[in-house]
$ cat model.cif   # mmCIF, C-alpha atoms
data_work
loop_
_atom_site.label_atom_id
_atom_site.label_comp_id
_atom_site.auth_asym_id
_atom_site.auth_seq_id
_atom_site.Cartn_x
_atom_site.Cartn_y
_atom_site.Cartn_z
CA MET V 13 -30.73 22.19 14.50
CA ALA V 14 -30.70 18.83 12.66
CA GLU V 15 -32.39 15.93 14.40
CA LYS V 16 -29.90 13.56 15.99
CA LYS V 17 -29.74 9.91 14.98
CA ASP V 18 -30.92 7.19 17.28
CA TYR V 19 -27.99 6.28 19.57
CA TYR V 20 -28.59 2.55 19.11
CA GLU V 21 -28.42 2.98 15.33
CA VAL V 22 -25.22 5.02 15.68
CA LEU V 23 -23.50 2.16 17.50
CA GLY V 24 -25.21 -0.50 15.39
CA VAL V 25 -26.71 -2.42 18.32
CA SER V 26 -30.22 -3.43 19.30
CA LYS V 27 -32.16 -1.71 22.08
CA ASP V 28 -31.76 -4.76 24.33
CA ALA V 29 -27.98 -4.88 23.80
CA THR V 30 -25.90 -5.75 26.85
CA GLU V 31 -23.23 -3.45 28.31
CA ALA V 32 -20.53 -5.68 26.83
CA GLU V 33 -22.10 -5.50 23.36
CA ILE V 34 -22.37 -1.70 23.56
CA LYS V 35 -18.74 -1.39 24.69
CA LYS V 36 -17.54 -3.73 21.95
CA ALA V 37 -19.42 -1.79 19.26
CA TYR V 38 -18.04 1.48 20.58
CA ARG V 39 -14.46 0.25 20.52
CA ARG V 40 -14.80 -0.92 16.94
CA LEU V 41 -16.32 2.34 15.67
CA ALA V 42 -14.02 4.58 17.72
CA LYS V 43 -11.00 2.89 16.17
CA LYS V 44 -12.52 3.21 12.71
CA TYR V 45 -13.28 6.93 12.90
CA HIS V 46 -10.54 8.17 15.26
CA PRO V 47 -9.08 11.48 13.95
CA ASP V 48 -5.50 10.22 14.17
CA LEU V 49 -6.38 7.44 11.74
CA ASN V 50 -8.31 9.79 9.43
CA PRO V 51 -6.32 13.04 9.32
CA GLY V 52 -8.20 15.87 7.62
CA ASP V 53 -11.37 13.80 7.16
CA LYS V 54 -14.18 16.01 8.49
CA ALA V 55 -16.82 13.32 7.96
CA ALA V 56 -14.86 10.83 10.04
CA GLU V 57 -14.34 13.47 12.73
CA ALA V 58 -18.07 14.15 12.90
CA LYS V 59 -18.81 10.43 13.02
CA PHE V 60 -16.27 9.99 15.80
CA LYS V 61 -17.99 12.65 17.91
CA GLU V 62 -21.38 11.09 17.19
CA VAL V 63 -20.14 7.67 18.30
CA ASN V 64 -18.69 9.11 21.52
CA GLU V 65 -21.94 10.94 22.25
CA ALA V 66 -23.95 7.76 21.80
CA TYR V 67 -21.62 5.73 23.98
CA GLU V 68 -21.60 8.39 26.70
CA VAL V 69 -25.36 7.95 27.07
CA LEU V 70 -25.81 4.21 26.49
CA SER V 71 -22.89 3.21 28.73
CA ASN V 72 -24.51 5.03 31.69
CA LYS V 73 -27.38 3.10 33.25
CA ASP V 74 -29.29 6.18 34.41
CA LYS V 75 -28.84 8.12 31.17
CA ARG V 76 -29.73 5.06 29.11
CA ALA V 77 -32.93 4.57 31.14
CA ARG V 78 -33.96 8.20 30.61
CA TYR V 79 -33.08 7.93 26.91
CA ASP V 80 -35.13 4.76 26.50
CA GLN V 81 -38.12 6.43 28.18
CA PHE V 82 -37.96 10.00 26.86
CA GLY V 83 -35.56 9.88 23.91
CA GLN V 84 -33.36 12.96 23.42
CA ALA V 85 -35.50 14.90 25.90
CA GLY V 86 -34.25 12.61 28.67
CA VAL V 87 -30.58 13.50 28.23
CA ASP V 88 -30.57 16.93 26.56
CA PRO V 89 -30.40 19.95 28.92
CA ASN V 90 -32.44 21.97 26.43
CA PHE V 91 -35.36 19.68 27.12
CA GLY V 92 -37.02 18.99 30.48
CA GLY V 93 -34.94 21.42 32.54
CA GLY V 94 -31.59 19.56 32.21
CA ALA V 95 -32.63 16.09 33.22
CA GLY V 96 -29.23 14.43 32.89
CA GLY V 97 -27.24 17.21 31.22
CA SER V 98 -25.36 17.22 27.98
CA PRO V 99 -23.14 14.17 27.46
CA PHE V 100 -20.35 16.53 26.43
CA SER V 101 -20.56 18.99 29.31
CA GLY V 102 -17.27 19.70 31.06
CA ASP V 103 -13.79 18.70 29.89
CA ILE V 104 -13.04 15.84 27.54
CA ASN V 105 -9.66 14.12 27.80
CA PHE V 106 -9.30 11.86 24.78
CA ASP V 107 -6.02 10.51 26.17
CA ASP V 108 -7.77 9.15 29.27
CA ILE V 109 -10.70 7.81 27.24
CA PHE V 110 -8.51 5.88 24.79
CA ASN V 111 -6.05 4.64 27.36
CA SER V 112 -8.95 2.85 29.07
CA VAL V 113 -11.00 1.91 26.01
CA PHE V 114 -8.17 0.49 23.90
CA ASN V 115 -6.18 -1.06 26.70
CA GLY V 116 -5.63 -4.70 25.87
CA PHE V 117 -6.05 -4.33 22.10
CA GLY V 118 -2.92 -6.08 20.82
CA GLY V 119 -0.90 -4.01 18.36
CA PHE V 120 -2.67 -0.73 19.06
CA GLY V 121 -1.30 0.17 22.49
CA GLY V 122 -3.72 3.07 22.80
CA PHE V 123 -3.10 4.06 19.15
CA GLU V 124 0.58 4.53 19.87
CA GLY V 125 2.37 5.92 16.85
CA PHE V 126 -0.77 7.10 14.99
CA GLY V 127 -0.19 10.83 15.42
CA GLY V 128 1.14 13.46 17.75
CA ALA V 129 -1.82 13.31 20.14
CA ARG V 130 -1.36 9.57 20.67
CA ARG V 131 2.43 9.39 20.58
CA ARG V 132 4.02 7.83 23.64
CA GLN V 133 7.69 8.33 22.91
CA ARG V 134 8.85 8.93 26.46
CA ALA V 135 12.18 10.39 27.47
CA ASN V 136 15.08 8.06 28.30
CA VAL V 137 13.46 5.01 26.68
CA PRO V 138 16.19 2.71 25.24
CA ARG V 139 16.02 2.63 21.45
CA HIS V 140 17.73 0.24 19.05
CA GLY V 141 20.39 1.79 16.82
CA SER V 142 19.97 1.90 13.06
CA ASP V 143 21.91 -0.36 10.70
CA SER V 144 25.03 0.58 8.72
CA GLU V 145 26.02 -0.58 5.25
CA THR V 146 29.25 -1.21 3.37
CA ALA V 147 30.56 -3.40 0.54
CA VAL V 148 33.51 -5.72 -0.02
CA SER V 149 35.02 -7.28 -3.13
CA ILE V 150 36.56 -10.77 -2.97
CA SER V 151 38.06 -13.23 -5.41
CA PHE V 152 36.40 -16.39 -6.73
CA GLU V 153 38.63 -18.57 -4.57
CA GLU V 154 37.95 -16.48 -1.43
CA ALA V 155 34.23 -16.89 -1.93
CA ALA V 156 34.66 -20.64 -2.39
CA LYS V 157 36.83 -21.22 0.66
CA GLY V 158 36.03 -18.27 2.97
CA CYS V 159 38.37 -15.54 4.14
CA VAL V 160 38.91 -12.65 6.54
CA LYS V 161 38.54 -9.14 5.11
CA THR V 162 39.01 -5.62 6.43
CA VAL V 163 36.14 -3.23 5.73
CA SER V 164 35.64 0.47 6.48
CA TYR V 165 32.34 2.30 6.89
CA ASP V 166 30.74 5.37 8.45
CA GLN V 167 29.31 4.74 11.91
CA ILE V 168 27.29 6.89 14.29
CA ASP V 169 28.59 6.36 17.82
CA ILE V 170 28.08 7.77 21.31
CA CYS V 171 30.13 10.91 21.89
CA PRO V 172 33.04 9.84 24.12
CA ASP V 173 33.30 13.24 25.85
CA CYS V 174 29.68 13.74 26.96
CA ARG V 175 28.74 10.02 27.00
CA GLY V 176 25.74 10.73 24.81
CA THR V 177 24.13 13.44 26.94
CA GLY V 178 25.01 16.25 24.53
CA ALA V 179 26.18 18.43 27.42
CA ARG V 180 29.68 19.46 28.43
CA ASN V 181 30.91 17.07 31.11
CA GLY V 182 27.57 15.21 30.79
CA SER V 183 25.69 17.69 32.99
CA THR V 184 21.97 18.19 32.22
CA ARG V 185 18.89 19.20 34.19
CA THR V 186 15.24 18.23 34.18
CA CYS V 187 13.10 20.15 31.70
CA PRO V 188 10.89 22.54 33.71
CA GLN V 189 8.22 22.62 31.01
CA CYS V 190 7.41 18.89 30.91
CA GLY V 191 8.89 17.81 34.25
CA GLY V 192 11.20 15.31 32.55
CA THR V 193 8.47 13.32 30.77
CA GLY V 194 9.20 14.70 27.33
CA GLN V 195 5.45 15.30 26.82
CA VAL V 196 3.17 18.28 27.49
CA ARG V 197 -0.61 18.39 27.69
CA VAL V 198 -2.44 20.83 25.44
CA SER V 199 -6.05 21.99 25.96
CA GLN V 200 -8.29 23.19 23.16
CA ARG V 201 -11.82 24.48 23.59
CA THR V 202 -14.38 23.12 21.14
CA PRO V 203 -18.17 23.36 20.85
CA PHE V 204 -18.29 20.06 22.74
CA GLY V 205 -16.09 21.09 25.62
CA LEU V 206 -12.40 21.33 26.45
CA VAL V 207 -10.40 18.69 24.56
CA GLN V 208 -7.01 17.71 26.00
CA THR V 209 -4.23 16.00 24.05
CA THR V 210 -0.50 15.49 24.52
CA ARG V 211 2.43 16.34 22.27
CA THR V 212 6.21 16.28 22.36
CA CYS V 213 7.68 18.99 24.52
CA ASP V 214 9.09 21.70 22.24
CA ARG V 215 11.57 22.95 24.82
CA CYS V 216 13.51 19.71 25.35
CA GLY V 217 12.50 18.00 22.09
CA GLY V 218 11.02 15.05 23.97
CA THR V 219 14.21 14.15 25.86
CA GLY V 220 13.00 15.45 29.21
CA ARG V 221 16.39 17.09 29.82
CA ILE V 222 17.75 20.60 29.24
CA ILE V 223 21.31 21.23 28.07
CA ASP V 224 22.71 24.50 29.37
CA GLU V 225 26.18 24.08 27.89
CA PRO V 226 26.44 21.91 24.74
CA CYS V 227 29.32 19.48 24.34
CA PRO V 228 31.93 21.05 21.99
CA THR V 229 32.82 17.65 20.50
CA CYS V 230 29.37 16.67 19.23
CA GLY V 231 27.70 20.10 19.25
CA GLY V 232 25.07 18.95 21.74
CA ARG V 233 23.86 16.01 19.66
CA GLY V 234 25.38 13.38 21.93
CA ARG V 235 26.49 11.35 18.90
CA ILE V 236 29.35 11.62 16.44
CA ARG V 237 29.98 10.19 12.98
CA HIS V 238 33.35 8.60 12.38
CA ARG V 239 35.09 6.18 10.04
CA ARG V 240 35.44 2.71 11.50
CA THR V 241 37.56 -0.19 10.23
CA ILE V 242 36.99 -3.77 11.35
CA GLU V 243 37.83 -7.30 10.27
CA ILE V 244 34.97 -9.60 9.27
CA ASN V 245 34.84 -13.33 8.63
CA ILE V 246 33.39 -14.16 5.23
CA PRO V 247 32.06 -17.73 5.26
CA ALA V 248 33.01 -20.28 2.63
CA GLY V 249 30.38 -20.63 -0.07
CA ILE V 250 29.09 -17.05 -0.12
CA ASP V 251 27.94 -15.95 -3.57
CA ASN V 252 28.04 -12.73 -5.55
CA GLY V 253 25.36 -10.25 -4.47
CA GLN V 254 24.68 -11.82 -1.10
CA VAL V 255 24.59 -9.62 2.01
CA LEU V 256 26.50 -10.57 5.13
CA ASN V 257 25.01 -9.41 8.45
CA VAL V 258 27.45 -8.51 11.23
CA SER V 259 25.49 -8.21 14.46
CA GLY V 260 26.03 -5.21 16.74
CA LYS V 261 28.45 -3.35 14.46
CA GLY V 262 25.97 -0.73 13.21
CA ASN V 263 25.06 2.66 14.65
CA ALA V 264 24.90 3.07 18.42
CA GLY V 265 21.54 2.88 20.15
CA GLU V 266 20.03 5.66 22.23
CA ASN V 267 19.54 5.78 25.97
CA GLY V 268 21.43 2.53 26.45
CA GLY V 269 19.70 0.70 23.61
CA PRO V 270 21.63 -1.92 21.60
CA SER V 271 23.60 -1.02 18.49
CA GLY V 272 22.29 -1.83 15.04
CA ASP V 273 23.86 -4.29 12.62
CA LEU V 274 26.31 -3.89 9.76
CA HIS V 275 25.16 -5.12 6.34
CA VAL V 276 28.05 -6.03 4.03
CA SER V 277 27.23 -6.47 0.33
CA VAL V 278 29.60 -9.05 -1.15
CA SER V 279 30.86 -8.73 -4.71
CA VAL V 280 32.71 -11.73 -6.17
CA ARG V 281 35.09 -10.94 -9.01
CA PRO V 282 34.75 -13.13 -12.16
CA HIS V 283 37.30 -15.90 -12.66
CA PRO V 284 39.17 -16.22 -15.98
CA ILE V 285 38.58 -19.99 -16.15
CA PHE V 286 35.89 -21.08 -13.69
CA GLU V 287 32.16 -20.39 -13.69
CA ARG V 288 29.94 -21.00 -10.69
CA LYS V 289 26.53 -22.68 -10.82
CA ASP V 290 25.08 -23.01 -7.31
CA PHE V 291 27.88 -24.85 -5.49
CA ASP V 292 29.31 -26.52 -8.59
CA ILE V 293 32.18 -25.24 -10.72
CA TRP V 294 32.27 -25.48 -14.52
CA CYS V 295 35.16 -24.98 -16.90
CA GLU V 296 36.11 -25.80 -20.48
CA MET V 297 39.15 -27.94 -21.28
CA PRO V 298 40.63 -27.62 -24.79
CA ILE V 299 42.28 -30.77 -26.17
CA THR V 300 43.76 -31.62 -29.55
CA PHE V 301 42.22 -33.83 -32.21
CA THR V 302 44.82 -36.49 -31.50
CA GLN V 303 44.19 -36.42 -27.72
CA ALA V 304 40.47 -36.78 -28.30
CA ALA V 305 40.92 -39.64 -30.80
CA LEU V 306 43.65 -41.63 -29.04
CA GLY V 307 43.12 -40.60 -25.43
CA ALA V 308 45.64 -38.83 -23.25
CA GLU V 309 46.53 -37.79 -19.74
CA VAL V 310 45.80 -34.10 -19.20
CA VAL V 311 46.22 -31.65 -16.31
CA VAL V 312 42.96 -30.03 -15.14
CA PRO V 313 42.92 -26.84 -13.01
CA THR V 314 40.79 -26.77 -9.82
CA ILE V 315 40.46 -24.31 -6.94
CA ASP V 316 42.60 -26.74 -4.92
CA GLY V 317 45.37 -26.90 -7.52
CA ARG V 318 46.09 -29.08 -10.53
CA VAL V 319 44.84 -32.64 -10.88
CA GLU V 320 45.55 -35.26 -13.54
CA TYR V 321 42.76 -36.79 -15.61
CA GLU V 322 42.76 -39.55 -18.20
CA VAL V 323 40.93 -38.55 -21.38
CA HIS V 324 39.26 -41.61 -22.90
CA PRO V 325 39.93 -42.51 -26.56
CA GLY V 326 37.15 -41.26 -28.83
CA THR V 327 36.20 -38.33 -26.64
CA GLN V 328 33.75 -36.09 -28.48
CA PRO V 329 33.48 -32.27 -28.42
CA GLY V 330 31.12 -31.25 -25.61
CA ASP V 331 31.64 -34.39 -23.53
CA VAL V 332 31.56 -33.58 -19.80
CA PHE V 333 33.32 -35.36 -16.97
CA LYS V 334 32.97 -34.75 -13.24
CA LEU V 335 35.51 -34.28 -10.50
CA ARG V 336 33.58 -35.20 -7.38
CA GLY V 337 33.97 -32.90 -4.35
CA ARG V 338 36.11 -30.35 -6.21
CA GLY V 339 33.44 -27.63 -6.18
CA ILE V 340 32.53 -24.88 -3.71
CA GLN V 341 31.94 -25.31 0.00
CA ARG V 342 28.22 -25.41 0.73
CA LEU V 343 27.29 -22.38 2.80
CA GLY V 344 26.83 -23.41 6.42
CA SER V 345 27.62 -27.06 5.66
CA ARG V 346 30.61 -29.37 5.44
CA GLY V 347 29.84 -30.72 1.98
CA ARG V 348 31.21 -29.38 -1.29
CA GLY V 349 29.85 -29.26 -4.79
CA ASP V 350 31.51 -30.90 -7.80
CA GLN V 351 33.58 -29.62 -10.70
CA TYR V 352 32.39 -30.30 -14.25
CA VAL V 353 34.82 -30.14 -17.15
CA ARG V 354 33.48 -29.75 -20.68
CA MET V 355 35.83 -30.99 -23.44
CA THR V 356 36.40 -28.80 -26.49
CA VAL V 357 38.32 -30.35 -29.39
CA GLU V 358 40.41 -27.73 -31.13
CA VAL V 359 40.80 -28.09 -34.92
CA PRO V 360 44.36 -27.29 -36.00
CA LYS V 361 45.06 -24.34 -38.32
CA ASN V 362 47.93 -23.37 -40.61
CA LEU V 363 48.86 -26.99 -41.46
CA SER V 364 51.95 -27.73 -43.53
CA GLN V 365 51.70 -29.59 -46.85
CA ARG V 366 52.97 -32.79 -45.27
CA GLN V 367 50.42 -32.56 -42.44
CA LYS V 368 47.64 -32.04 -44.95
CA ALA V 369 48.78 -35.03 -46.97
CA LEU V 370 48.84 -37.24 -43.88
CA LEU V 371 45.32 -36.18 -42.94
CA ARG V 372 44.04 -36.89 -46.45
CA GLU V 373 45.67 -40.31 -46.31
CA PHE V 374 44.03 -40.96 -42.94
CA GLU V 375 40.66 -39.80 -44.23
CA SER V 376 40.82 -42.07 -47.28
CA GLU V 377 41.56 -45.09 -45.11
CA ALA V 378 39.01 -44.27 -42.40
CA GLU V 379 35.80 -46.28 -42.45
CA ASP V 380 32.27 -45.12 -41.69
CA LYS V 381 32.37 -46.99 -38.41
CA ASN V 382 34.92 -44.45 -37.23
CA TYR V 383 32.33 -41.65 -37.69
CA GLN V 384 29.13 -42.80 -36.02
CA LYS V 385 27.41 -39.39 -35.93
CA ARG V 386 28.28 -38.75 -39.59
CA ARG V 387 26.95 -42.18 -40.62
CA ASN V 388 23.68 -41.61 -38.69
CA PHE V 389 23.23 -38.15 -40.20
CA PHE V 390 23.58 -39.27 -43.80
CA GLY V 391 21.45 -42.33 -43.07
CA LYS V 392 18.60 -40.00 -42.08
CA ILE V 393 19.08 -37.95 -45.27
CA LYS V 394 18.83 -41.14 -47.31
CA ASP V 395 15.58 -42.04 -45.56
CA MET V 396 14.19 -38.56 -46.33
CA PHE V 397 15.02 -38.42 -50.05
CA GLY V 398 15.41 -42.11 -50.96
CA ASP V 399 18.82 -41.70 -52.55
#
$ encode --input "model.cif" --output "structure tokens"
Amino acid sequence: MAEKKDYYEVLGVSKDATEAEIKKAYRRLAKKYHPDLNPGDKAAEAKFKEVNEAYEVLSNKDKRARYDQFGQAGVDPNFGGGAGGSPFSGDINFDDIFNSVFNGFGGFGGFEGFGGARRRQRANVPRHGSDSETAVSISFEEAAKGCVKTVSYDQIDICPDCRGTGARNGSTRTCPQCGGTGQVRVSQRTPFGLVQTTRTCDRCGGTGRIIDEPCPTCGGRGRIRHRRTIEINIPAGIDNGQVLNVSGKGNAGENGGPSGDLHVSVSVRPHPIFERKDFDIWCEMPITFTQAALGAEVVVPTIDGRVEYEVHPGTQPGDVFKLRGRGIQRLGSRGRGDQYVRMTVEVPKNLSQRQKALLREFESEAEDKNYQKRRNFFGKIKDMFGD
């Protein structure tokens, strides 16, 4: 048989370590090598047993004193006629050990959720329902100003006939195998003794109740899937791709737990004229050459209707003017964005001979001061080539 390691080395403490230091070291190593956290890892399992063996001796004042004086001979029944006995004699209940050792470790809860042996999913515990999802399509104006829409989606709800029990007329009885706890204790003999763990009761599936006559409406599941239609308020300012959360409209909870939420994906249809940038609206306004040169009063479309705007004489292609407060409602706020209008000067096509003649006459009489950009451009060319 291989020689065992020094128990102090196993726990990583000095020989004059206090009880608190030994307990702290044990907790840290037991968490590190616990089988539920290292499934299938034989080395971790062996280390876990070694750590427990060391702690069993060093946490006991009498055993620790014999170990300090005689070493392994002081605690091993194969030496010295059983002076102290094997630290693993009798039954080992890992549930009881870890409930006491890890009590108070925030977030671990006795390793809850780290495997079947540590699971504490008790019967009749209220559980929050899962969330549902659906989608809705709205217009550009509806997104800007808000609206009310009707949406339909699949929802899991409590069976109205059995009230969620899964049994006809809601009649169930306590599971005789687990006594209504939903958990059963399992014993397994190992070379180190009888190890006891708990698992979900296979007879009642962890509910703690037995259904003798299933509900015909839900087939004993206690829940039904149905198509639900509701109205939802879509706030002003919502944008394409955003998700609206409707609290409490998701799938029903279990054992009296609250329902989940409904997530509504919002799709905003493109507008033929307007384009959204954050909470501002942009659009292009085509005007004629004459309107741009002489100025004119034009009608500009907005999401609130038509407004009149005075185009200044000499307006250039690409010039932008702003209509303050004509944009989109800021989400969750009273303010609105602005509307920006970009001017595009349209060059006429298919001119008549008379129109062409008039334009040539105008061009011959026009001076360079009427074309500032043209004069600057050719001035730069002259500077480049000296001509």
$ residues_around --input "model.cif" --residues "segment 159-176 of chain V" --least-positions-apart "6" --cutoff "10 Å" --atoms "all atoms listed in the file" --output "PyMOL selection string"
chain V and resi 141-151+153+182-183+226-248+261-268+271+274+276
$ residues_around --input "model.cif" --residues "segment 75-77 of chain V" --least-positions-apart "2" --cutoff "10 Å" --atoms "only C-alpha atoms" --output "short mmCIF file (atom, residue, chain, number, x, y, z; two decimals) with C-alpha atoms, in the coordinates of the input"
data_model
loop_
_atom_site.label_atom_id
_atom_site.label_comp_id
_atom_site.auth_asym_id
_atom_site.auth_seq_id
_atom_site.Cartn_x
_atom_site.Cartn_y
_atom_site.Cartn_z
CA TYR V 19 -27.99 6.28 19.57
CA ALA V 66 -23.95 7.76 21.80
CA TYR V 67 -21.62 5.73 23.98
CA GLU V 68 -21.60 8.39 26.70
CA VAL V 69 -25.36 7.95 27.07
CA LEU V 70 -25.81 4.21 26.49
CA SER V 71 -22.89 3.21 28.73
CA ASN V 72 -24.51 5.03 31.69
CA LYS V 73 -27.38 3.10 33.25
CA TYR V 79 -33.08 7.93 26.91
CA ASP V 80 -35.13 4.76 26.50
CA GLN V 81 -38.12 6.43 28.18
CA PHE V 82 -37.96 10.00 26.86
CA GLY V 83 -35.56 9.88 23.91
CA GLY V 86 -34.25 12.61 28.67
CA VAL V 87 -30.58 13.50 28.23
CA ALA V 95 -32.63 16.09 33.22
CA GLY V 96 -29.23 14.43 32.89
CA GLY V 97 -27.24 17.21 31.22
CA PRO V 99 -23.14 14.17 27.46
#
$ resolve_selection --input "model.cif" --expression "the PyMOL selection byres ((chain V and resi 191) around 12)" --output "list in words"
Arg134, Ala135, Arg185, Thr186, Cys187, Pro188, Gln189, Cys190, Gly192, Thr193, Gly194, Gln195, Val196, Arg197, Cys213, Arg215, Cys216, Gly218, Thr219, Gly220, Arg221 and Ile222 of chain V
$ atom_distance --input "model.cif" --atom1 "atom CA of Tyr352 of chain V" --atom2 "atom CA of Val280 of chain V"
20.3 Å
$ axis_aligned_box --input "model.cif" --around "segment 266-273 of chain V" --padding-each-side "3 Å" --output "JSON"
{"center_x": 21.7, "center_y": 0.7, "center_z": 19.5, "size_x": 10.3, "size_y": 16.1, "size_z": 19.8}
$ resolve_selection --input "model.cif" --expression "the PyMOL selection byres ((chain V and resi 356-369) around 6)" --output "PDB file with C-alpha atoms, in the frame of the given file"
ATOM      1  CA  MET V 297      39.150 -27.940 -21.280  1.00  0.00           C
ATOM      2  CA  PRO V 298      40.630 -27.620 -24.790  1.00  0.00           C
ATOM      3  CA  ILE V 299      42.280 -30.770 -26.170  1.00  0.00           C
ATOM      4  CA  THR V 300      43.760 -31.620 -29.550  1.00  0.00           C
ATOM      5  CA  PHE V 301      42.220 -33.830 -32.210  1.00  0.00           C
ATOM      6  CA  PRO V 329      33.480 -32.270 -28.420  1.00  0.00           C
ATOM      7  CA  GLY V 330      31.120 -31.250 -25.610  1.00  0.00           C
ATOM      8  CA  MET V 355      35.830 -30.990 -23.440  1.00  0.00           C
ATOM      9  CA  LEU V 370      48.840 -37.240 -43.880  1.00  0.00           C
ATOM     10  CA  LEU V 371      45.320 -36.180 -42.940  1.00  0.00           C
ATOM     11  CA  ARG V 372      44.040 -36.890 -46.450  1.00  0.00           C
TER      12      ARG V 372
END
$ atom_distance --input "model.cif" --atom1 "atom CA of Phe333 of chain V" --atom2 "atom CA of Glu154 of chain V"
24.9 Å
$ atom_distance --input "model.cif" --atom1 "atom CA of Asp18 of chain V" --atom2 "atom CA of Ala42 of chain V"
17.1 Å
$ resolve_selection --input "model.cif" --expression "the PyMOL selection byres ((chain V and resi 57-62) around 8)" --output "list in words"
Val22, Leu41, Ala42, Tyr45, His46, Pro47, Asn50, Asp53, Lys54, Ala55, Ala56, Val63, Asn64, Glu65 and Ala66 of chain V
$ residues_around --input "model.cif" --residues "Val311 of chain V" --least-positions-apart "2" --cutoff "9 Å" --atoms "all atoms listed in the file" --output "ChimeraX atom specification"
/V:309,313,318-322
